[in-house]
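Step one of this worksheet: look at the structure below.
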Amino acid sequence: MKALITGTAGFLGSHLSDRLIKEGAQVVGMDNLITGNINNIDHLLPLKEFTFYHHDVTKFVHVPGDLDAILHFASPASPIDYLQMPIQTLKVGSLGTHNLLGLAKAKGAKFMIASTSEVYGDPLVHPQPEEYWGNVNPIGPRGVYDEAKRFQEAMTMAYHTYHGVDIRIVRIFNTYGPRMRTNDGRALPAFFSQAIEGRDITVFGDGSQTRSFCYVDDLIEGIYRLLQSDYTLPVNIGNPVEISIKQAAEEIVSLTGSDSKIIYMDLPKDDPKIRQPDITKAKEILGWEPKIDRAEGLKRTYEYFKKVLS
Ligand code: UDP
């Protein structure tokens, strides 16, 4: 199998590139490196199974030869990234997706998109099943990401129904693990960096908002199974164990043995109050559920952050 992975130098894109190469695939990795980090794929660059293109997928995409699959994982993905890069965020989900769908159609390639729990917005249904249509503010600060991803799903489904492109839509819930950027602004990398460097731990709001954190290896396994399946409707992949952000902060302080104190700051606008995936479909269709509990996942992530921050 030969696969194009966009966002190959990002957190998920790099782990996915590793996994497909491990499964015997040829991987063409593409990234414009605005939020991706080339260090994440340093170990892949010398491999004959891996080719890297430094390219922005919102521009015309050309890949010579056959392609069996295209996995579109390129996008700013952290709230501070898409606040700083609202236009790029909208473009990569819309124009980028359109370019890559055109390529998938021309090559007869399977097309997978990295969608997100953000399509559910600040949800009024809990936990969130795939049938829920969401509660998104299109013009709020998160709208650029949420609406780009919703457009991405719509466009992908249109190419499926109109052009017969074989599609996979994974709705990814909060994920953590090695290769997250220390300064990406998301809760767990922020708390680890702050704890390790002895800075205050910045909990937004009163910390009672919840998230459900999935360790990256579990997520990649779910994505791989979906890719191998023949299921063309959206599938939630995430860990359904839900905790408050305050609890996440406390667990990281305790794990790292840090002297940092937790401080409370303003809650960003439209920050979802609750989030938990309903993974019934993933269980039934893919036989998948997460295996790595938070204690183990946080320990592995701590090892990584200690190394990169030392
Ligand atoms: N958060 C926080 N402190 C931080 C970063 C994030 O309290 O330094 C909160 C944020 O307001 C949200 C939750 O943690 O309620 C998860 O935020 P993250 O940016 O990780 O991802 P989101 O799920 O909001 O996209």
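Naming scheme: A, B, ... for chains in displayed order of the structure tokens; residues 1 onward per chain; ligands 1 onward as shown.
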
Original post:
If you run DSSP on this backbone, which residues of range 25-221 of chain A come out as strand (DSSP E or B), and could you give them as a PyMOL selection string?
Top reply: chain A and resi 26-31+50-54+69-72+110-116+121+128+135+167-172+175-176+201-204+210-212+214-215

Write out as a tab-separated table the residues of chain A that have any atom within 8 Å of an atom of ligand 1, one row each with the nearest atom pair and its distance in Å to one decimal, counting only C-alpha atoms and all ligand atoms, sorted by chain and then rising number.
```
residue	atom	partner	partner_atom_place_in_ligand_line	distance
A:Ala77	CA	ligand 1	25 (O)	7.8
A:Ser78	CA	ligand 1	19 (O)	5.8
A:Pro79	CA	ligand 1	19 (O)	5.5
A:Ile80	CA	ligand 1	19 (O)	7.6
A:Glu118	CA	ligand 1	25 (O)	7.2
A:Phe173	CA	ligand 1	23 (O)	7.8
A:Asn174	CA	ligand 1	23 (O)	5.8
A:Gly185	CA	ligand 1	5 (C)	5.5
A:Arg186	CA	ligand 1	20 (O)	3.5
A:Ala187	CA	ligand 1	5 (C)	3.6
A:Leu188	CA	ligand 1	20 (O)	6.2
A:Pro189	CA	ligand 1	20 (O)	8.0
A:Ala190	CA	ligand 1	8 (O)	5.1
A:Phe191	CA	ligand 1	8 (O)	6.4
A:Ile201	CA	ligand 1	8 (O)	7.1
A:Thr202	CA	ligand 1	8 (O)	4.8
A:Val203	CA	ligand 1	7 (O)	3.4
A:Phe204	CA	ligand 1	7 (O)	3.6
A:Gly205	CA	ligand 1	7 (O)	6.8
A:Gly207	CA	ligand 1	7 (O)	6.1
A:Gln209	CA	ligand 1	15 (O)	5.6
A:Thr210	CA	ligand 1	15 (O)	6.8
A:Arg211	CA	ligand 1	23 (O)	6.4
A:Ile245	CA	ligand 1	14 (O)	5.6
A:Lys246	CA	ligand 1	7 (O)	7.4
A:Tyr264	CA	ligand 1	7 (O)	7.9
A:Met265	CA	ligand 1	7 (O)	7.8
A:Leu267	CA	ligand 1	11 (O)	5.6
A:Pro268	CA	ligand 1	11 (O)	5.9
A:Asp271	CA	ligand 1	15 (O)	5.6
A:Pro272	CA	ligand 1	15 (O)	6.4
A:Lys273	CA	ligand 1	15 (O)	6.8
A:Arg275	CA	ligand 1	23 (O)	7.9
```

Subject >> range 21-25 of chain A environment, 7 Å, only C-alpha atoms, sequence neighbours closer than 6 positions dropped, as a ChimeraX atom specification >> reply: /A:1-2,49

**OP:** Output as a PyMOL selection string all residues of range 103-161 of chain A that backbone DSSP marks as helix (DSSP H, G or I).
**Re:** chain A and resi 103-107+117-120+143-161

Subject >> Test item: residues at most 9 Å from Leu4 in chain A, only C-alpha atoms, excluding those fewer than 5 positions along its chain, as a ChimeraX atom specification >> reply: /A:26-30,63,67-72
